[in-house]
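Source file: structure-v3.pdb (PDB, C-alpha atoms and all ligand atoms)
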MODEL        1
ATOM      1  CA  MET M  19     -13.827 -47.980  17.395
ATOM      2  CA  ASN M  20     -10.535 -47.358  15.636
ATOM      3  CA  LYS M  21      -8.396 -44.915  17.686
ATOM      4  CA  LEU M  22      -7.604 -42.727  14.698
ATOM      5  CA  ILE M  23     -11.293 -42.162  14.013
ATOM      6  CA  THR M  24     -11.848 -41.337  17.683
ATOM      7  CA  ASP M  25      -9.024 -38.764  17.470
ATOM      8  CA  ILE M  26     -10.495 -37.278  14.284
ATOM      9  CA  GLY M  27     -13.907 -37.037  15.973
ATOM     10  CA  ASN M  28     -12.347 -35.406  19.045
ATOM     11  CA  SER M  29     -10.452 -32.912  16.912
ATOM     12  CA  ILE M  30     -13.652 -31.918  15.083
ATOM     13  CA  GLU M  31     -15.486 -31.522  18.381
ATOM     14  CA  ALA M  32     -12.725 -29.453  19.959
ATOM     15  CA  ALA M  33     -12.275 -27.275  16.861
ATOM     16  CA  THR M  34     -16.012 -26.571  16.575
ATOM     17  CA  ARG M  35     -16.144 -25.566  20.247
ATOM     18  CA  PHE M  36     -13.120 -23.333  19.721
ATOM     19  CA  VAL M  37     -14.528 -21.493  16.689
ATOM     20  CA  LYS M  38     -17.974 -21.113  18.231
ATOM     21  CA  GLY M  39     -16.832 -17.991  20.148
ATOM     22  CA  TYR M  40     -15.332 -16.571  16.962
ATOM     23  CA  ILE M  41     -18.539 -17.180  15.006
ATOM     24  CA  ILE M  42     -20.536 -15.387  17.683
ATOM     25  CA  SER M  43     -18.093 -12.464  17.743
ATOM     26  CA  ILE M  44     -18.421 -11.991  13.992
ATOM     27  CA  GLY M  45     -21.933 -10.664  14.713
ATOM     28  CA  SER M  46     -20.176  -7.606  16.169
ATOM     29  CA  VAL M  47     -17.813  -6.885  13.311
ATOM     30  CA  THR M  48     -20.701  -7.166  10.832
ATOM     31  CA  ASN M  49     -22.815  -4.788  13.007
ATOM     32  CA  ILE M  50     -25.551  -7.379  13.346
ATOM     33  CA  PHE M  51     -25.733  -7.119  17.150
ATOM     34  CA  SER M  52     -25.802  -3.327  17.146
ATOM     35  CA  ALA M  53     -28.542  -3.392  14.494
ATOM     36  CA  ILE M  54     -30.661  -5.671  16.675
ATOM     37  CA  GLU M  55     -30.033  -3.458  19.705
ATOM     38  CA  ASN M  56     -31.217  -0.502  17.618
ATOM     39  CA  ASN M  57     -34.466  -2.255  16.698
ATOM     40  CA  ILE M  58     -33.358  -3.250  13.199
ATOM     41  CA  GLN M  59     -34.451  -6.791  13.772
ATOM     42  CA  THR M  60     -35.651  -8.653  10.691
ATOM     43  CA  VAL M  61     -33.502 -10.273   8.007
ATOM     44  CA  ASP M  62     -34.833  -7.802   5.428
ATOM     45  CA  ASP M  63     -34.173  -4.742   7.615
ATOM     46  CA  ILE M  64     -30.637  -5.781   8.622
ATOM     47  CA  ALA M  65     -29.874  -6.651   4.990
ATOM     48  CA  GLU M  66     -31.116  -3.278   3.800
ATOM     49  CA  GLU M  67     -29.310  -1.318   6.522
ATOM     50  CA  TYR M  68     -25.869  -2.714   5.607
ATOM     51  CA  GLY M  69     -26.314  -3.701   1.966
ATOM     52  CA  TYR M  70     -26.156  -7.429   2.731
ATOM     53  CA  ARG M  71     -27.471  -8.968  -0.483
ATOM     54  CA  ASN M  72     -27.024 -12.549   0.736
ATOM     55  CA  LYS M  73     -30.168 -12.812   2.865
ATOM     56  CA  ARG M  74     -30.060 -16.623   2.878
ATOM     57  CA  LEU M  75     -26.683 -16.570   4.665
ATOM     58  CA  LEU M  76     -27.776 -13.783   7.003
ATOM     59  CA  LYS M  77     -30.816 -15.818   8.053
ATOM     60  CA  LEU M  78     -28.702 -18.959   8.523
ATOM     61  CA  TYR M  79     -26.341 -17.001  10.790
ATOM     62  CA  LEU M  80     -29.160 -15.496  12.864
ATOM     63  CA  ASP M  81     -30.796 -18.907  13.228
ATOM     64  CA  ILE M  82     -27.530 -20.465  14.400
ATOM     65  CA  LEU M  83     -27.280 -17.777  17.093
ATOM     66  CA  CYS M  84     -30.837 -18.706  18.085
ATOM     67  CA  SER M  85     -29.817 -22.372  18.385
ATOM     68  CA  TYR M  86     -27.163 -21.227  20.899
ATOM     69  CA  SER M  87     -29.703 -19.002  22.732
ATOM     70  CA  ILE M  88     -27.710 -15.844  21.936
ATOM     71  CA  LEU M  89     -30.745 -14.594  19.997
ATOM     72  CA  LYS M  90     -34.403 -15.486  20.078
ATOM     73  CA  LYS M  91     -36.865 -15.067  17.236
ATOM     74  CA  GLU M  92     -40.438 -13.834  17.505
ATOM     75  CA  ASN M  93     -42.584 -13.091  14.430
ATOM     76  CA  SER M  94     -39.510 -12.828  12.159
ATOM     77  CA  LYS M  95     -37.848 -10.342  14.544
ATOM     78  CA  TYR M  96     -34.612 -11.248  16.313
ATOM     79  CA  PHE M  97     -33.874 -10.206  19.923
ATOM     80  CA  LEU M  98     -30.725 -10.497  22.013
ATOM     81  CA  VAL M  99     -31.427 -12.868  24.887
ATOM     82  CA  ASP M 100     -28.829 -11.897  27.422
ATOM     83  CA  GLY M 101     -26.206  -9.708  25.792
ATOM     84  CA  VAL M 102     -23.329 -11.280  23.902
ATOM     85  CA  ASN M 103     -21.286 -13.095  26.419
ATOM     86  CA  ILE M 104     -18.560 -15.127  24.772
ATOM     87  CA  ARG M 105     -17.252 -17.443  27.385
ATOM     88  CA  LEU M 106     -14.686 -20.042  26.473
ATOM     89  CA  GLU M 107     -14.484 -22.908  28.879
ATOM     90  CA  LYS M 108     -11.323 -24.706  29.850
ATOM     91  CA  ARG M 109     -12.320 -27.739  27.784
ATOM     92  CA  ASP M 110     -12.405 -25.478  24.697
ATOM     93  CA  PHE M 111      -8.620 -25.449  24.849
ATOM     94  CA  MET M 112      -7.980 -29.164  24.600
ATOM     95  CA  LEU M 113      -5.091 -28.503  22.270
ATOM     96  CA  ASP M 114      -3.764 -31.994  22.802
ATOM     97  CA  LYS M 115      -6.937 -33.377  21.303
ATOM     98  CA  MET M 116      -7.059 -31.339  18.165
ATOM     99  CA  LYS M 117      -5.122 -30.523  15.101
ATOM    100  CA  GLU M 118      -4.452 -26.795  15.052
ATOM    101  CA  ASP M 119      -4.784 -26.765  11.295
ATOM    102  CA  LEU M 120      -8.443 -27.800  11.496
ATOM    103  CA  ILE M 121      -9.098 -24.688  13.582
ATOM    104  CA  SER M 122      -7.243 -22.453  11.156
ATOM    105  CA  PHE M 123      -9.029 -24.119   8.227
ATOM    106  CA  PHE M 124     -12.405 -23.382   9.859
ATOM    107  CA  MET M 125     -11.213 -19.815  10.578
ATOM    108  CA  SER M 126     -10.198 -19.366   6.923
ATOM    109  CA  LEU M 127     -13.743 -20.306   5.915
ATOM    110  CA  ILE M 128     -15.392 -18.181   8.612
ATOM    111  CA  ASN M 129     -13.313 -15.143   7.633
ATOM    112  CA  VAL M 130     -15.119 -14.937   4.292
ATOM    113  CA  PHE M 131     -18.493 -14.507   6.042
ATOM    114  CA  PRO M 132     -18.660 -10.658   5.855
ATOM    115  CA  HIS M 133     -17.687 -10.725   2.159
ATOM    116  CA  LEU M 134     -20.297 -13.367   1.392
ATOM    117  CA  LEU M 135     -22.962 -11.418   3.273
ATOM    118  CA  ILE M 136     -22.372  -8.481   0.940
ATOM    119  CA  ASP M 137     -22.501 -10.606  -2.210
ATOM    120  CA  PRO M 138     -22.896 -14.395  -2.640
ATOM    121  CA  ASN M 139     -20.472 -14.165  -5.597
ATOM    122  CA  ASN M 140     -17.943 -11.895  -3.923
ATOM    123  CA  PRO M 141     -14.474 -12.739  -5.350
ATOM    124  CA  LEU M 142     -13.002 -11.923  -1.904
ATOM    125  CA  ALA M 143     -14.731 -15.020  -0.520
ATOM    126  CA  THR M 144     -12.147 -17.580  -1.572
ATOM    127  CA  THR M 145     -13.905 -20.883  -0.951
ATOM    128  CA  ASP M 146     -15.112 -21.948  -4.406
ATOM    129  CA  PHE M 147     -13.872 -25.367  -5.574
ATOM    130  CA  GLU M 148     -13.494 -24.046  -9.127
ATOM    131  CA  ARG M 149     -12.363 -20.427  -8.840
ATOM    132  CA  ASP M 150     -10.326 -21.008  -5.669
ATOM    133  CA  ALA M 151      -8.944 -24.469  -6.435
ATOM    134  CA  ASN M 152      -5.436 -23.133  -5.704
ATOM    135  CA  ILE M 153      -6.154 -22.342  -2.076
ATOM    136  CA  TRP M 154      -8.177 -25.561  -1.696
ATOM    137  CA  SER M 155      -5.141 -27.474  -2.943
ATOM    138  CA  ILE M 156      -3.166 -25.989  -0.057
ATOM    139  CA  TRP M 157      -5.849 -26.627   2.589
ATOM    140  CA  LEU M 158      -6.266 -30.228   1.400
ATOM    141  CA  GLU M 159      -2.555 -30.816   2.157
ATOM    142  CA  ASN M 160      -3.148 -29.952   5.854
ATOM    143  CA  ASP M 161      -2.382 -32.616   8.430
ATOM    144  CA  TRP M 162      -5.993 -32.962   9.462
ATOM    145  CA  PHE M 163      -7.041 -33.960   5.925
ATOM    146  CA  LYS M 164      -4.062 -36.334   5.816
ATOM    147  CA  SER M 165      -5.230 -37.967   9.036
ATOM    148  CA  VAL M 166      -8.622 -38.621   7.412
ATOM    149  CA  ARG M 167      -6.884 -40.318   4.445
ATOM    150  CA  TRP M 168      -4.805 -42.361   6.863
ATOM    151  CA  ALA M 169      -7.978 -43.500   8.690
ATOM    152  CA  ILE M 170      -9.590 -44.416   5.346
ATOM    153  CA  THR M 171      -6.462 -46.425   4.448
ATOM    154  CA  GLU M 172      -6.440 -48.299   7.757
ATOM    155  CA  ILE M 173     -10.126 -48.998   8.057
ATOM    156  CA  GLY M 174     -10.496 -49.809   4.360
ATOM    157  CA  ARG M 175      -7.389 -52.041   4.581
ATOM    158  CA  ILE M 176      -6.026 -50.348   1.455
ATOM    159  CA  GLY M 177      -2.709 -51.767   0.342
ATOM    160  CA  LYS M 178      -0.287 -52.434  -2.512
ATOM    161  CA  ARG M 179      -1.827 -53.308  -5.904
ATOM    162  CA  ASP M 180      -5.323 -52.132  -4.986
ATOM    163  CA  TYR M 181      -7.424 -50.416  -7.636
ATOM    164  CA  ILE M 182      -8.993 -47.287  -6.168
ATOM    165  CA  LEU M 183     -11.698 -44.969  -7.454
ATOM    166  CA  ASP M 184     -11.663 -41.618  -5.619
ATOM    167  CA  MET M 185     -14.937 -39.779  -6.349
ATOM    168  CA  GLY M 186     -14.800 -36.019  -5.754
ATOM    169  CA  SER M 187     -11.066 -36.502  -5.311
ATOM    170  CA  GLY M 188      -9.835 -32.905  -5.273
ATOM    171  CA  SER M 189      -6.205 -32.372  -6.194
ATOM    172  CA  VAL M 190      -4.355 -33.997  -3.290
ATOM    173  CA  SER M 191      -6.052 -37.214  -2.246
ATOM    174  CA  PRO M 192      -5.292 -39.266  -5.433
ATOM    175  CA  LEU M 193      -1.555 -38.693  -4.927
ATOM    176  CA  TYR M 194      -1.787 -39.884  -1.325
ATOM    177  CA  PHE M 195      -3.512 -43.119  -2.363
ATOM    178  CA  ALA M 196      -1.116 -43.522  -5.315
ATOM    179  CA  GLU M 197       1.721 -43.906  -2.838
ATOM    180  CA  ILE M 198      -0.211 -46.493  -0.816
ATOM    181  CA  VAL M 199      -1.139 -48.733  -3.783
ATOM    182  CA  GLY M 200       2.218 -48.361  -5.562
ATOM    183  CA  GLU M 201       2.953 -48.675  -9.261
ATOM    184  CA  ASN M 202       1.199 -52.041  -9.595
ATOM    185  CA  GLY M 203      -2.032 -50.566  -8.319
ATOM    186  CA  ARG M 204      -4.247 -47.955  -9.929
ATOM    187  CA  VAL M 205      -5.939 -44.747  -8.777
ATOM    188  CA  THR M 206      -8.670 -42.981 -10.730
ATOM    189  CA  GLY M 207      -9.774 -39.599  -9.400
ATOM    190  CA  LEU M 208     -12.977 -37.932 -10.577
ATOM    191  CA  ASP M 209     -13.701 -34.276  -9.929
ATOM    192  CA  LYS M 210     -16.165 -31.696 -11.196
ATOM    193  CA  SER M 211     -13.782 -28.745 -10.793
ATOM    194  CA  LYS M 212     -11.709 -28.280 -13.975
ATOM    195  CA  LYS M 213      -9.077 -26.319 -12.104
ATOM    196  CA  MET M 214      -8.774 -28.961  -9.383
ATOM    197  CA  VAL M 215      -8.260 -31.589 -12.124
ATOM    198  CA  GLU M 216      -5.627 -29.405 -13.803
ATOM    199  CA  ILE M 217      -3.696 -28.961 -10.541
ATOM    200  CA  ALA M 218      -3.891 -32.693  -9.779
ATOM    201  CA  ARG M 219      -2.631 -33.601 -13.281
ATOM    202  CA  THR M 220       0.349 -31.254 -12.940
ATOM    203  CA  LYS M 221       1.290 -32.867  -9.614
ATOM    204  CA  ILE M 222       0.935 -36.362 -11.079
ATOM    205  CA  GLU M 223       3.130 -35.452 -14.031
ATOM    206  CA  ASN M 224       5.759 -33.849 -11.806
ATOM    207  CA  ARG M 225       5.954 -36.972  -9.657
ATOM    208  CA  GLY M 226       5.811 -39.363 -12.619
ATOM    209  CA  TYR M 227       2.950 -41.412 -11.152
ATOM    210  CA  SER M 228       1.846 -43.183 -14.323
ATOM    211  CA  TRP M 229      -0.658 -45.350 -12.410
ATOM    212  CA  VAL M 230      -2.864 -42.366 -11.460
ATOM    213  CA  GLU M 231      -5.347 -40.593 -13.692
ATOM    214  CA  ILE M 232      -7.772 -37.774 -12.995
ATOM    215  CA  GLU M 233     -10.910 -37.231 -15.023
ATOM    216  CA  HIS M 234     -13.054 -34.132 -15.157
ATOM    217  CA  CYS M 235     -16.445 -35.561 -14.285
ATOM    218  CA  ASP M 236     -19.657 -34.821 -12.403
ATOM    219  CA  ILE M 237     -20.269 -37.883 -10.232
ATOM    220  CA  GLU M 238     -24.003 -37.126 -10.236
ATOM    221  CA  ASN M 239     -24.074 -38.130 -13.929
ATOM    222  CA  ASP M 240     -23.365 -41.541 -15.466
ATOM    223  CA  VAL M 241     -19.633 -42.048 -14.939
ATOM    224  CA  GLY M 242     -19.339 -45.116 -17.179
ATOM    225  CA  LEU M 243     -16.974 -47.126 -14.976
ATOM    226  CA  ASP M 244     -18.068 -50.710 -14.386
ATOM    227  CA  GLU M 245     -16.808 -53.245 -11.851
ATOM    228  CA  GLU M 246     -13.152 -52.424 -11.894
ATOM    229  CA  TYR M 247     -12.251 -51.255  -8.459
ATOM    230  CA  ASP M 248     -11.336 -52.910  -5.150
ATOM    231  CA  ILE M 249     -12.133 -49.716  -3.280
ATOM    232  CA  VAL M 250     -14.294 -46.689  -3.985
ATOM    233  CA  ILE M 251     -13.808 -43.607  -1.792
ATOM    234  CA  LEU M 252     -16.274 -40.787  -1.184
ATOM    235  CA  SER M 253     -14.492 -38.502   1.240
ATOM    236  CA  MET M 254     -15.987 -35.130   2.177
ATOM    237  CA  VAL M 255     -18.038 -34.949  -1.000
ATOM    238  CA  LEU M 256     -21.617 -36.117  -0.290
ATOM    239  CA  GLU M 257     -22.424 -32.736   1.296
ATOM    240  CA  TYR M 258     -21.907 -31.117  -2.127
ATOM    241  CA  VAL M 259     -24.186 -33.319  -4.226
ATOM    242  CA  HIS M 260     -27.934 -33.054  -4.808
ATOM    243  CA  ASN M 261     -28.525 -36.598  -5.995
ATOM    244  CA  MET M 262     -26.820 -38.791  -3.410
ATOM    245  CA  GLU M 263     -28.640 -41.910  -4.692
ATOM    246  CA  LYS M 264     -27.061 -41.526  -8.150
ATOM    247  CA  VAL M 265     -23.585 -40.970  -6.680
ATOM    248  CA  ILE M 266     -23.846 -44.099  -4.546
ATOM    249  CA  GLU M 267     -25.229 -46.105  -7.481
ATOM    250  CA  ASN M 268     -22.192 -45.011  -9.529
ATOM    251  CA  ALA M 269     -19.888 -45.999  -6.678
ATOM    252  CA  TYR M 270     -21.567 -49.385  -6.307
ATOM    253  CA  ASN M 271     -21.386 -50.140 -10.041
ATOM    254  CA  ALA M 272     -17.677 -49.345 -10.113
ATOM    255  CA  LEU M 273     -16.919 -51.854  -7.324
ATOM    256  CA  LYS M 274     -15.838 -55.448  -7.927
ATOM    257  CA  ASP M 275     -17.729 -58.127  -6.007
ATOM    258  CA  GLY M 276     -16.212 -58.184  -2.537
ATOM    259  CA  GLY M 277     -15.044 -54.586  -2.973
ATOM    260  CA  ARG M 278     -15.431 -51.868  -0.364
ATOM    261  CA  LEU M 279     -17.058 -48.460  -0.502
ATOM    262  CA  ILE M 280     -15.624 -46.053   2.063
ATOM    263  CA  ILE M 281     -17.528 -42.907   2.935
ATOM    264  CA  PHE M 282     -16.133 -40.176   5.164
ATOM    265  CA  LYS M 283     -18.328 -37.215   6.051
ATOM    266  CA  MET M 284     -18.473 -34.394   8.540
ATOM    267  CA  PRO M 285     -20.860 -34.760  11.490
ATOM    268  CA  ASP M 286     -24.139 -32.855  11.493
ATOM    269  CA  ASN M 287     -23.891 -29.922  13.928
ATOM    270  CA  PRO M 288     -24.665 -26.168  13.687
ATOM    271  CA  ILE M 289     -21.031 -24.989  13.555
ATOM    272  CA  ILE M 290     -20.094 -27.423  10.783
ATOM    273  CA  ASN M 291     -23.292 -26.467   8.970
ATOM    274  CA  PHE M 292     -22.344 -22.779   9.196
ATOM    275  CA  THR M 293     -18.753 -23.240   8.009
ATOM    276  CA  GLU M 294     -19.847 -25.545   5.158
ATOM    277  CA  ALA M 295     -22.489 -22.995   4.079
ATOM    278  CA  LEU M 296     -19.602 -20.624   3.311
ATOM    279  CA  ILE M 297     -18.609 -22.932   0.426
ATOM    280  CA  PRO M 298     -20.698 -22.128  -2.695
ATOM    281  CA  GLN M 299     -21.081 -25.802  -3.688
ATOM    282  CA  PHE M 300     -22.479 -26.848  -0.284
ATOM    283  CA  VAL M 301     -25.878 -28.560  -0.478
ATOM    284  CA  LYS M 302     -26.425 -30.056   2.998
ATOM    285  CA  LEU M 303     -24.794 -32.208   5.632
ATOM    286  CA  ARG M 304     -25.702 -35.892   5.439
ATOM    287  CA  THR M 305     -26.524 -38.025   8.430
ATOM    288  CA  THR M 306     -25.232 -41.571   8.751
ATOM    289  CA  ARG M 307     -28.815 -42.791   8.849
ATOM    290  CA  GLU M 308     -29.689 -40.997   5.590
ATOM    291  CA  ILE M 309     -26.653 -42.530   3.853
ATOM    292  CA  LYS M 310     -27.411 -46.002   5.209
ATOM    293  CA  GLU M 311     -30.909 -45.834   3.753
ATOM    294  CA  VAL M 312     -29.373 -45.540   0.291
ATOM    295  CA  LEU M 313     -26.823 -48.290   0.912
ATOM    296  CA  THR M 314     -28.780 -51.351  -0.112
ATOM    297  CA  LYS M 315     -27.194 -54.621  -1.358
ATOM    298  CA  VAL M 316     -24.140 -54.165   0.884
ATOM    299  CA  ILE M 317     -22.997 -55.014   4.408
ATOM    300  CA  VAL M 318     -22.479 -51.802   6.295
ATOM    301  CA  LYS M 319     -20.153 -51.013   9.175
ATOM    302  CA  GLU M 320     -20.119 -47.558  10.708
ATOM    303  CA  TYR M 321     -17.471 -45.764  12.772
ATOM    304  CA  GLY M 322     -19.134 -43.070  14.880
ATOM    305  CA  ASP M 323     -20.873 -40.425  12.822
ATOM    306  CA  LEU M 324     -17.894 -40.039  10.503
ATOM    307  CA  LEU M 325     -17.038 -43.108   8.509
ATOM    308  CA  ILE M 326     -19.056 -45.811   6.816
ATOM    309  CA  VAL M 327     -17.624 -48.900   5.140
ATOM    310  CA  ALA M 328     -19.925 -50.876   2.835
ATOM    311  CA  HIS M 329     -18.915 -54.316   1.520
ATOM    312  CA  LYS M 330     -20.318 -55.376  -1.853
ATOM    313  CA  TYR M 331     -21.196 -59.063  -2.035
TER     314      TYR M 331
HETATM  315  C1  LIG U 401     -13.757 -30.898   0.297
HETATM  316  S1  LIG U 401     -13.151 -31.433  -1.244
HETATM  317  C2  LIG U 401     -12.624 -33.068  -0.770
HETATM  318  C3  LIG U 401     -11.578 -33.624  -1.704
HETATM  319  C4  LIG U 401     -11.104 -35.039  -1.400
HETATM  320  N1  LIG U 401     -12.173 -36.004  -1.417
HETATM  321  C5  LIG U 401     -10.358 -35.096  -0.093
HETATM  322  O1  LIG U 401     -10.848 -35.755   0.837
HETATM  323  O2  LIG U 401      -9.271 -34.520  -0.023
HETATM  324  C6  LIG U 401     -14.602 -31.777  -2.198
HETATM  325  C7  LIG U 401     -14.313 -32.061  -3.679
HETATM  326  O3  LIG U 401     -15.496 -32.627  -4.266
HETATM  327  C8  LIG U 401     -15.620 -32.136  -5.584
HETATM  328  N2  LIG U 401     -17.025 -32.275  -5.994
HETATM  329  C9  LIG U 401     -18.102 -31.689  -5.450
HETATM  330  N3  LIG U 401     -19.236 -32.065  -6.114
HETATM  331  C10 LIG U 401     -18.837 -32.900  -7.102
HETATM  332  C11 LIG U 401     -19.519 -33.612  -8.141
HETATM  333  N4  LIG U 401     -20.831 -33.530  -8.281
HETATM  334  N5  LIG U 401     -18.795 -34.382  -8.988
HETATM  335  C12 LIG U 401     -17.450 -34.468  -8.851
HETATM  336  N6  LIG U 401     -16.742 -33.818  -7.893
HETATM  337  C13 LIG U 401     -17.426 -33.041  -7.028
HETATM  338  C14 LIG U 401     -15.150 -30.692  -5.461
HETATM  339  O4  LIG U 401     -14.809 -30.134  -6.727
HETATM  340  C15 LIG U 401     -13.975 -30.829  -4.511
HETATM  341  O5  LIG U 401     -12.774 -31.039  -5.200
ENDMDL
END

Please express what this file holds, its structure, as structure tokens.
Amino acid sequence: MNKLITDIGNSIEAATRFVKGYIISIGSVTNIFSAIENNIQTVDDIAEEYGYRNKRLLKLYLDILCSYSILKKENSKYFLVDGVNIRLEKRDFMLDKMKEDLISFFMSLINVFPHLLIDPNNPLATTDFERDANIWSIWLENDWFKSVRWAITEIGRIGKRDYILDMGSGSVSPLYFAEIVGENGRVTGLDKSKKMVEIARTKIENRGYSWVEIEHCDIENDVGLDEEYDIVILSMVLEYVHNMEKVIENAYNALKDGGRLIIFKMPDNPIINFTEALIPQFVKLRTTREIKEVLTKVIVKEYGDLLIVAHKY
């Protein structure tokens, strides 16, 4: 497997191990452990005790602690198994194998947890692709996200003059690919967040990249782009859509014969699931197998549980 993808996988693994202790400790600051110790043990009772209106998130958190055997659940009551013992092992500090910014990105998401528990629409929880597009535009510039784009470029063999469709592009990625394809190529970015589109357009204008355009568009609807592109990219977006079949059909229709669809996604594990659930648009993590079932009429190559390349023929 490509070394870059192995490094990206290792950095995700190391970062999730690192933040696991922090996620557990947040049960203290939100008084969840002391509630359980004081026999306030159901989702409803804990929610009522502290005014946590987001019971869905509270339940998700408690269930994640169960999956790590910190809690156990019997008849909708939660019990502490063995006290809260947060032990970080030496391998949790494999700093050489991770990008520090992935840890701090995860921490930025996890920090909104208490605010989101109080209210699912709490403006202090700054993770919404629309309302908080400004902070997303900073996070998406982080080195870890850049390394994903680099891996997509290498594995997708993206080069000068290519025509690229970036679906769920955000405000940073189209500019990255614009530099790779150069002024004789073309990049079209599609994004559902109006503010993300606005930020991307300002950047494009400032840099004078006339070969890039960003459209405000929901990729779960008909996008009306037919057979134009050498490469279609779906990077870190399938976890936010309900109708994955429609998105992949749109991607397929936009590809020229011989074109390549490149899908990057986060692996399916409890820590990633928890951090993603702190983003309002999150639907669910997708497994490689689930995606492959939708990828008919193409030749598929997969790179670990992270990247899938599908060739249209
Ligand atoms: C985590 S960001 C990833 C951005 C970009 N692909 C990257 O790798 O830098 C996810 C983006 O997908 C967009 N998105 C989510 N659902 C969408 C949909 N149904 N249609 C279009 N864009 C969508 C969000 O607005 C957000 O900008």

Residue nearest Met262 of chain M - candidates M:Glu311, M:Asp244, M:Asp275, M:Glu223, atoms counted: all atoms listed in the file: M:Glu311

Surroundings of ligand LIG 401 (chain U) up to 7 Å, based on all atoms listed in the file, as number ranges by chain: M: 147-148, 158, 163, 185-191, 208-211, 214, 235-238, 252-255, 258-259, 299

Using only C-alpha atoms, can you list as a PDB file with C-alpha atoms, in the frame of the given file the residues within 10 Å of (-31.6, -14.7, 18.9)?
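Saved result, out_39.pdb, follows:
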ATOM      1  CA  PHE M  51     -25.733  -7.119  17.150  1.00  0.00           C
ATOM      2  CA  ILE M  54     -30.661  -5.671  16.675  1.00  0.00           C
ATOM      3  CA  GLN M  59     -34.451  -6.791  13.772  1.00  0.00           C
ATOM      4  CA  TYR M  79     -26.341 -17.001  10.790  1.00  0.00           C
ATOM      5  CA  LEU M  80     -29.160 -15.496  12.864  1.00  0.00           C
ATOM      6  CA  ASP M  81     -30.796 -18.907  13.228  1.00  0.00           C
ATOM      7  CA  ILE M  82     -27.530 -20.465  14.400  1.00  0.00           C
ATOM      8  CA  LEU M  83     -27.280 -17.777  17.093  1.00  0.00           C
ATOM      9  CA  CYS M  84     -30.837 -18.706  18.085  1.00  0.00           C
ATOM     10  CA  SER M  85     -29.817 -22.372  18.385  1.00  0.00           C
ATOM     11  CA  TYR M  86     -27.163 -21.227  20.899  1.00  0.00           C
ATOM     12  CA  SER M  87     -29.703 -19.002  22.732  1.00  0.00           C
ATOM     13  CA  ILE M  88     -27.710 -15.844  21.936  1.00  0.00           C
ATOM     14  CA  LEU M  89     -30.745 -14.594  19.997  1.00  0.00           C
ATOM     15  CA  LYS M  90     -34.403 -15.486  20.078  1.00  0.00           C
ATOM     16  CA  LYS M  91     -36.865 -15.067  17.236  1.00  0.00           C
ATOM     17  CA  GLU M  92     -40.438 -13.834  17.505  1.00  0.00           C
ATOM     18  CA  LYS M  95     -37.848 -10.342  14.544  1.00  0.00           C
ATOM     19  CA  TYR M  96     -34.612 -11.248  16.313  1.00  0.00           C
ATOM     20  CA  PHE M  97     -33.874 -10.206  19.923  1.00  0.00           C
ATOM     21  CA  LEU M  98     -30.725 -10.497  22.013  1.00  0.00           C
ATOM     22  CA  VAL M  99     -31.427 -12.868  24.887  1.00  0.00           C
ATOM     23  CA  ASP M 100     -28.829 -11.897  27.422  1.00  0.00           C
TER      24      ASP M 100
END

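Of note, atom CA of Ser155 of chain M and atom CA of Ser29 of chain M are spaced 21.3 Å apart.
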
Compile the contact shell of Ile170 of chain M as a tab-separated table (two decimals) with C-alpha atoms, in the frame of the given file: residues with an atom at most 12 Å away, counting only C-alpha atoms, same-chain residues fewer than 3 positions apart removed.
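Saved as out_23.tsv:
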chain	number	residue	atom	x	y	z
M	20	ASN	CA	-10.54	-47.36	15.64
M	22	LEU	CA	-7.60	-42.73	14.70
M	23	ILE	CA	-11.29	-42.16	14.01
M	26	ILE	CA	-10.50	-37.28	14.28
M	163	PHE	CA	-7.04	-33.96	5.92
M	164	LYS	CA	-4.06	-36.33	5.82
M	165	SER	CA	-5.23	-37.97	9.04
M	166	VAL	CA	-8.62	-38.62	7.41
M	167	ARG	CA	-6.88	-40.32	4.44
M	173	ILE	CA	-10.13	-49.00	8.06
M	174	GLY	CA	-10.50	-49.81	4.36
M	175	ARG	CA	-7.39	-52.04	4.58
M	176	ILE	CA	-6.03	-50.35	1.46
M	177	GLY	CA	-2.71	-51.77	0.34
M	182	ILE	CA	-8.99	-47.29	-6.17
M	184	ASP	CA	-11.66	-41.62	-5.62
M	191	SER	CA	-6.05	-37.21	-2.25
M	194	TYR	CA	-1.79	-39.88	-1.32
M	195	PHE	CA	-3.51	-43.12	-2.36
M	198	ILE	CA	-0.21	-46.49	-0.82
M	249	ILE	CA	-12.13	-49.72	-3.28
M	250	VAL	CA	-14.29	-46.69	-3.98
M	251	ILE	CA	-13.81	-43.61	-1.79
M	252	LEU	CA	-16.27	-40.79	-1.18
M	253	SER	CA	-14.49	-38.50	1.24
M	254	MET	CA	-15.99	-35.13	2.18
M	278	ARG	CA	-15.43	-51.87	-0.36
M	279	LEU	CA	-17.06	-48.46	-0.50
M	280	ILE	CA	-15.62	-46.05	2.06
M	281	ILE	CA	-17.53	-42.91	2.94
M	282	PHE	CA	-16.13	-40.18	5.16
M	283	LYS	CA	-18.33	-37.22	6.05
M	321	TYR	CA	-17.47	-45.76	12.77
M	324	LEU	CA	-17.89	-40.04	10.50
M	325	LEU	CA	-17.04	-43.11	8.51
M	326	ILE	CA	-19.06	-45.81	6.82
M	327	VAL	CA	-17.62	-48.90	5.14

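Note that the spacing between atom CA of Leu303 of chain M and atom CA of Ile317 of chain M amounts to 22.9 Å.
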
Result set, the PyMOL selection byres (((chain M and resi 297) around 12) and not hetatm) on current file, as JSON, numbers by chain: {"M": [75, 124, 126, 127, 128, 129, 130, 131, 134, 138, 139, 140, 143, 144, 145, 146, 147, 148, 149, 150, 151, 154, 257, 258, 290, 291, 292, 293, 294, 295, 296, 298, 299, 300, 301, 302]}

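Picture a line from atom CA of Ile64 of chain M to atom CA of Ser52 of chain M; it runs 10.1 Å.
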